[in-house]
Structures are given as C-alpha cells and as structure tokens.
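Asks: Questions regarding the structure given below will be posed in turn.
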Amino acid sequence: MGEKKDNKLMMLKALANQTRLDILKWLAEPEKYFPERREESMYDIDFLGGVSVTEIQKKAGKAQSTTSHDLDLLVKAGFLEVKYAGRYSYFRRNQKALKKLAKYIKNEV
C-alpha cells in the first residue's frame with residue numbers, strides 16, 4: 001500500500017511545475033504544438049505520437065539539462081513513454097497514467 005501512495009506522490013510532484021504541465025499539454029496534441037515534426041518518421045520506430053527531446057527542449061526554451069530532468073520526472077511518474085532510436089529520444093503521453101491519477105483524485109482525495 002505504501003508503494004501505491006509513493007507513486008501517487010511522485011505523480012503529483014511531477015505535475016507541480018509549469019514546464020512539465022506544458023509538456024504534457026503539448027504532447028496531448030503533438031501535431032498542433034510541434035507542426036515541424038514528421039509523424040511518418042515515427043512509423044519506422046513504431047512510436048506514433050512521439051516527439052524528440054530536441055523539439056521539446058526548443059519549445060520549452062529551457063536548457064537541455066533542465067528539459068531532460070523534467071522529461072525524466074514525467075517518465076518516472078508514468079506520464080510519458082520514451083523510445084530510444086540511436087542517439088535520439090522520443091516521448092509521448094501515457095494517457096492511462098493520467099486517467100489513473102484522475103481516478104485516484106476523484107475517489108480518494
């Protein structure tokens with residue numbers, strides 16, 4: 001039971017930052033927020049909806065290390081899925097984790 005609560009705490013902590021909230025918003029509609037990205041290239045690595053860390057970093061306007069830290073926290077909280085292709089990292093939202101947290105807040109908080 002403690003592990004589940006710890007995970008929920010990690011999820012809430014990950015959301016307590018405007019840039020991380022923005023990243024989740026942007027990745028909800030990558031075609032809108034990252035119009036330059038090429039969705040068809042995601043077919044090659046079987047990761048539709050993925051956006052590269054470089055594109056996210058540019059949009060966030062933060063240092064690469066700060067963006068990587070934010071993305072890492074979102075991955076650890078379960079909100080993002082990551083796929084590595086060579087030297088590139090791609091991220092997309094994990095809608096199931098967001099729904100899980102919403103259900104927890106609705107029913108338990």
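Letters for chains follow the order of the structure tokens (A, B, ...), residue numbers begin at 1 for each chain, and ligand numbers begin at 1 in the order shown.
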List every residue of chain A that DSSP, applied to the backbone of this structure, assigns to strand (DSSP E), and report them as a list of chain:residue names.
Replies: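 Restricting chain A to strand (DSSP E) produces A:Val51, A:Ser52, A:Leu80, A:Glu81, A:Val82, A:Lys83, A:Tyr84, A:Ala85, A:Tyr88, A:Ser89, A:Tyr90, A:Phe91, A:Arg92, A:Arg93.
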Asks: Write the residues you've just listed into a file as a PDB file, in the first residue's frame, and include N, CA and C atoms for each of them.
Replies:
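Result written to out-v7.pdb:
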```
ATOM      1  N   VAL A  51       7.651  12.701 -29.872  1.00  0.00           N
ATOM      2  CA  VAL A  51       8.302  13.977 -30.166  1.00  0.00           C
ATOM      3  C   VAL A  51       9.710  13.903 -29.594  1.00  0.00           C
ATOM      4  N   SER A  52      10.676  14.366 -30.354  1.00  0.00           N
ATOM      5  CA  SER A  52      12.066  14.278 -29.909  1.00  0.00           C
ATOM      6  C   SER A  52      12.340  15.232 -28.754  1.00  0.00           C
ATOM      7  N   LEU A  80       4.798   9.795 -19.169  1.00  0.00           N
ATOM      8  CA  LEU A  80       5.363   9.742 -20.510  1.00  0.00           C
ATOM      9  C   LEU A  80       5.966   8.385 -20.789  1.00  0.00           C
ATOM     10  N   GLU A  81       5.886   7.997 -22.045  1.00  0.00           N
ATOM     11  CA  GLU A  81       6.594   6.826 -22.542  1.00  0.00           C
ATOM     12  C   GLU A  81       7.771   7.345 -23.349  1.00  0.00           C
ATOM     13  N   VAL A  82       8.862   6.604 -23.337  1.00  0.00           N
ATOM     14  CA  VAL A  82      10.052   7.035 -24.063  1.00  0.00           C
ATOM     15  C   VAL A  82      10.511   5.906 -24.977  1.00  0.00           C
ATOM     16  N   LYS A  83      11.021   6.301 -26.124  1.00  0.00           N
ATOM     17  CA  LYS A  83      11.579   5.333 -27.076  1.00  0.00           C
ATOM     18  C   LYS A  83      12.923   5.882 -27.524  1.00  0.00           C
ATOM     19  N   TYR A  84      13.930   5.040 -27.477  1.00  0.00           N
ATOM     20  CA  TYR A  84      15.270   5.424 -27.899  1.00  0.00           C
ATOM     21  C   TYR A  84      15.523   4.842 -29.279  1.00  0.00           C
ATOM     22  N   ALA A  85      15.971   5.687 -30.181  1.00  0.00           N
ATOM     23  CA  ALA A  85      16.305   5.258 -31.544  1.00  0.00           C
ATOM     24  C   ALA A  85      17.669   5.847 -31.869  1.00  0.00           C
ATOM     25  N   TYR A  88      18.800   9.324 -30.469  1.00  0.00           N
ATOM     26  CA  TYR A  88      17.633  10.173 -30.281  1.00  0.00           C
ATOM     27  C   TYR A  88      16.659   9.557 -29.282  1.00  0.00           C
ATOM     28  N   SER A  89      15.988  10.429 -28.543  1.00  0.00           N
ATOM     29  CA  SER A  89      14.953  10.009 -27.595  1.00  0.00           C
ATOM     30  C   SER A  89      13.648  10.671 -27.999  1.00  0.00           C
ATOM     31  N   TYR A  90      12.584   9.896 -27.994  1.00  0.00           N
ATOM     32  CA  TYR A  90      11.262  10.398 -28.349  1.00  0.00           C
ATOM     33  C   TYR A  90      10.315  10.139 -27.189  1.00  0.00           C
ATOM     34  N   PHE A  91       9.400  11.073 -26.982  1.00  0.00           N
ATOM     35  CA  PHE A  91       8.482  10.991 -25.859  1.00  0.00           C
ATOM     36  C   PHE A  91       7.054  11.156 -26.342  1.00  0.00           C
ATOM     37  N   ARG A  92       6.138  10.459 -25.669  1.00  0.00           N
ATOM     38  CA  ARG A  92       4.712  10.643 -25.908  1.00  0.00           C
ATOM     39  C   ARG A  92       3.972  10.425 -24.590  1.00  0.00           C
ATOM     40  N   ARG A  93       2.760  10.947 -24.538  1.00  0.00           N
ATOM     41  CA  ARG A  93       1.957  10.843 -23.321  1.00  0.00           C
ATOM     42  C   ARG A  93       1.491   9.419 -23.086  1.00  0.00           C
TER      43      ARG A  93
END
```
Asks: In Å, with one decimal, what is the gap from atom CA of A:Lys103 to atom CA of A:Phe47?
Replies: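 We find that atom CA of A:Lys103 and atom CA of A:Phe47 lie 26.5 Å from each other.
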Asks: Which residues come within 12 Å of stretch 33-36 of chain A, counting only C-alpha atoms, excluding same-chain residues fewer than 4 positions away, as a PyMOL selection string?
Replies: chain A and resi 22-29+40-41+49-60
Asks: Residues of the last selection are to be written out with N, CA and C atoms, as a short mmCIF file (atom, residue, chain, number, x, y, z; two decimals), in the first residue's frame.
Replies:
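Output below, filename selection_24.cif:
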```cif
data_model
loop_
_atom_site.label_atom_id
_atom_site.label_comp_id
_atom_site.auth_asym_id
_atom_site.auth_seq_id
_atom_site.Cartn_x
_atom_site.Cartn_y
_atom_site.Cartn_z
N ASP A 22 3.14 22.04 -19.15
CA ASP A 22 3.14 22.43 -20.56
C ASP A 22 3.53 21.27 -21.46
N ILE A 23 4.55 20.54 -21.08
CA ILE A 23 5.00 19.39 -21.88
C ILE A 23 3.86 18.39 -22.05
N LEU A 24 3.15 18.10 -20.97
CA LEU A 24 2.02 17.16 -21.07
C LEU A 24 0.94 17.71 -22.00
N LYS A 25 0.69 19.00 -21.90
CA LYS A 25 -0.30 19.64 -22.79
C LYS A 25 0.15 19.53 -24.24
N TRP A 26 1.40 19.87 -24.50
CA TRP A 26 1.92 19.83 -25.87
C TRP A 26 1.85 18.43 -26.45
N LEU A 27 2.18 17.43 -25.63
CA LEU A 27 2.21 16.06 -26.13
C LEU A 27 0.81 15.46 -26.28
N ALA A 28 -0.20 16.14 -25.74
CA ALA A 28 -1.58 15.70 -25.97
C ALA A 28 -1.98 15.92 -27.42
N GLU A 29 -1.39 16.96 -28.04
CA GLU A 29 -1.67 17.30 -29.43
C GLU A 29 -0.37 17.65 -30.15
N GLU A 40 5.33 10.66 -39.89
CA GLU A 40 5.61 9.44 -40.65
C GLU A 40 6.93 8.80 -40.24
N SER A 41 7.87 9.58 -39.71
CA SER A 41 9.13 9.00 -39.26
C SER A 41 8.94 8.13 -38.01
N GLY A 49 3.07 9.46 -32.40
CA GLY A 49 2.82 10.49 -31.40
C GLY A 49 4.07 10.93 -30.68
N GLY A 50 5.21 10.33 -31.00
CA GLY A 50 6.46 10.67 -30.34
C GLY A 50 7.04 12.00 -30.81
N VAL A 51 7.65 12.70 -29.87
CA VAL A 51 8.30 13.98 -30.17
C VAL A 51 9.71 13.90 -29.59
N SER A 52 10.68 14.37 -30.35
CA SER A 52 12.07 14.28 -29.91
C SER A 52 12.34 15.23 -28.75
N VAL A 53 13.31 14.86 -27.95
CA VAL A 53 13.71 15.70 -26.82
C VAL A 53 14.17 17.07 -27.32
N THR A 54 14.80 17.11 -28.48
CA THR A 54 15.27 18.37 -29.05
C THR A 54 14.11 19.31 -29.35
N GLU A 55 13.06 18.77 -29.93
CA GLU A 55 11.89 19.60 -30.24
C GLU A 55 11.21 20.11 -28.97
N ILE A 56 11.12 19.24 -27.97
CA ILE A 56 10.52 19.64 -26.70
C ILE A 56 11.36 20.72 -26.03
N GLN A 57 12.66 20.53 -26.04
CA GLN A 57 13.58 21.48 -25.42
C GLN A 57 13.47 22.86 -26.09
N LYS A 58 13.40 22.87 -27.41
CA LYS A 58 13.26 24.15 -28.13
C LYS A 58 11.96 24.85 -27.75
N LYS A 59 10.88 24.09 -27.71
CA LYS A 59 9.57 24.68 -27.38
C LYS A 59 9.56 25.19 -25.94
N ALA A 60 10.17 24.46 -25.04
CA ALA A 60 10.20 24.86 -23.63
C ALA A 60 11.09 26.07 -23.40
#
```
Asks: Please report, as a ChimeraX atom specification, each residue of stretch 1-108 of chain A to which DSSP assigns helix (DSSP H, G or I) when run on this structure's backbone.
Replies: /A:2-15,18-28,30-33,40-44,53-60,64-76,95-108
Asks: Closest to A:Asn7 among A:Ala63, A:Val109, A:Ala77, A:Ile45, using only C-alpha atoms?
Replies: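 Distance minimum relative to A:Asn7 lands on A:Ala77.
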Asks: For atom CA of A:Arg20 and atom CA of A:Thr67, determine how far apart the two atoms are, in Å to one decimal place.
Replies: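 Interatomic distance, atom CA of A:Arg20 to atom CA of A:Thr67: 8.8 Å.
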Asks: So that I can check the surroundings of A:Lys8, please list as a PyMOL selection string every protein, DNA and RNA residue that reaches within 12 Å of it, counting only C-alpha atoms and ignoring chain neighbours fewer than 4 positions away.
Replies: chain A and resi 1-4+12-15+76-79+97-98+100-105+108-109
Asks: Store the residues picked out above, limited to N, CA and C atoms, as a PDB file, in the first residue's frame.
Replies:
```pdb
ATOM      1  N   MET A   1       0.816  -1.190   0.000  1.00  0.00           N
ATOM      2  CA  MET A   1       0.000   0.000   0.000  1.00  0.00           C
ATOM      3  C   MET A   1       0.865   1.261   0.000  1.00  0.00           C
ATOM      4  N   GLY A   2       1.962   1.271   0.724  1.00  0.00           N
ATOM      5  CA  GLY A   2       2.865   2.403   0.752  1.00  0.00           C
ATOM      6  C   GLY A   2       3.437   2.706  -0.614  1.00  0.00           C
ATOM      7  N   GLU A   3       3.715   1.659  -1.397  1.00  0.00           N
ATOM      8  CA  GLU A   3       4.272   1.847  -2.739  1.00  0.00           C
ATOM      9  C   GLU A   3       3.293   2.593  -3.632  1.00  0.00           C
ATOM     10  N   LYS A   4       1.999   2.245  -3.560  1.00  0.00           N
ATOM     11  CA  LYS A   4       0.999   2.929  -4.367  1.00  0.00           C
ATOM     12  C   LYS A   4       0.902   4.397  -3.983  1.00  0.00           C
ATOM     13  N   LEU A  12       2.050  13.446  -8.387  1.00  0.00           N
ATOM     14  CA  LEU A  12       1.645  14.805  -8.027  1.00  0.00           C
ATOM     15  C   LEU A  12       2.829  15.761  -8.041  1.00  0.00           C
ATOM     16  N   LYS A  13       3.970  15.304  -7.554  1.00  0.00           N
ATOM     17  CA  LYS A  13       5.170  16.142  -7.568  1.00  0.00           C
ATOM     18  C   LYS A  13       5.582  16.475  -8.999  1.00  0.00           C
ATOM     19  N   ALA A  14       5.457  15.515  -9.893  1.00  0.00           N
ATOM     20  CA  ALA A  14       5.833  15.744 -11.285  1.00  0.00           C
ATOM     21  C   ALA A  14       4.956  16.817 -11.923  1.00  0.00           C
ATOM     22  N   LEU A  15       3.724  16.937 -11.447  1.00  0.00           N
ATOM     23  CA  LEU A  15       2.808  17.925 -12.014  1.00  0.00           C
ATOM     24  C   LEU A  15       2.962  19.309 -11.392  1.00  0.00           C
ATOM     25  N   LYS A  76       9.349   8.840 -14.939  1.00  0.00           N
ATOM     26  CA  LYS A  76       9.325   8.110 -13.665  1.00  0.00           C
ATOM     27  C   LYS A  76       7.938   8.108 -13.034  1.00  0.00           C
ATOM     28  N   ALA A  77       7.197   9.195 -13.218  1.00  0.00           N
ATOM     29  CA  ALA A  77       5.841   9.278 -12.690  1.00  0.00           C
ATOM     30  C   ALA A  77       4.860   8.465 -13.535  1.00  0.00           C
ATOM     31  N   GLY A  78       5.301   8.045 -14.714  1.00  0.00           N
ATOM     32  CA  GLY A  78       4.457   7.228 -15.587  1.00  0.00           C
ATOM     33  C   GLY A  78       3.665   8.018 -16.610  1.00  0.00           C
ATOM     34  N   PHE A  79       3.818   9.336 -16.638  1.00  0.00           N
ATOM     35  CA  PHE A  79       3.039  10.174 -17.541  1.00  0.00           C
ATOM     36  C   PHE A  79       3.540  10.148 -18.979  1.00  0.00           C
ATOM     37  N   ALA A  97      -1.881   6.592 -17.437  1.00  0.00           N
ATOM     38  CA  ALA A  97      -1.379   7.095 -16.152  1.00  0.00           C
ATOM     39  C   ALA A  97      -2.135   8.351 -15.732  1.00  0.00           C
ATOM     40  N   LEU A  98      -2.435   9.214 -16.683  1.00  0.00           N
ATOM     41  CA  LEU A  98      -3.190  10.422 -16.365  1.00  0.00           C
ATOM     42  C   LEU A  98      -4.600  10.077 -15.888  1.00  0.00           C
ATOM     43  N   LYS A 100      -5.451   7.280 -14.481  1.00  0.00           N
ATOM     44  CA  LYS A 100      -5.286   6.631 -13.180  1.00  0.00           C
ATOM     45  C   LYS A 100      -5.199   7.674 -12.064  1.00  0.00           C
ATOM     46  N   LEU A 101      -4.437   8.724 -12.293  1.00  0.00           N
ATOM     47  CA  LEU A 101      -4.306   9.780 -11.291  1.00  0.00           C
ATOM     48  C   LEU A 101      -5.630  10.526 -11.121  1.00  0.00           C
ATOM     49  N   ALA A 102      -6.318  10.804 -12.213  1.00  0.00           N
ATOM     50  CA  ALA A 102      -7.614  11.491 -12.128  1.00  0.00           C
ATOM     51  C   ALA A 102      -8.609  10.662 -11.323  1.00  0.00           C
ATOM     52  N   LYS A 103      -8.600   9.361 -11.538  1.00  0.00           N
ATOM     53  CA  LYS A 103      -9.495   8.465 -10.792  1.00  0.00           C
ATOM     54  C   LYS A 103      -9.132   8.473  -9.308  1.00  0.00           C
ATOM     55  N   TYR A 104      -7.852   8.438  -9.010  1.00  0.00           N
ATOM     56  CA  TYR A 104      -7.391   8.482  -7.621  1.00  0.00           C
ATOM     57  C   TYR A 104      -7.855   9.773  -6.940  1.00  0.00           C
ATOM     58  N   ILE A 105      -7.679  10.895  -7.607  1.00  0.00           N
ATOM     59  CA  ILE A 105      -8.089  12.176  -7.020  1.00  0.00           C
ATOM     60  C   ILE A 105      -9.590  12.219  -6.807  1.00  0.00           C
ATOM     61  N   GLU A 108     -10.344   9.220  -3.989  1.00  0.00           N
ATOM     62  CA  GLU A 108      -9.601   9.096  -2.739  1.00  0.00           C
ATOM     63  C   GLU A 108      -9.279  10.419  -2.055  1.00  0.00           C
ATOM     64  N   VAL A 109      -9.303  11.490  -2.791  1.00  0.00           N
ATOM     65  CA  VAL A 109      -8.887  12.768  -2.198  1.00  0.00           C
ATOM     66  C   VAL A 109     -10.108  13.585  -1.806  1.00  0.00           C
TER      67      VAL A 109
END
```
Asks: Atom CA of A:Gln95 and atom CA of A:Asp70, how far apart in Å?
Replies: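 Atom CA of A:Asp70 sits 17.7 Å away from atom CA of A:Gln95.
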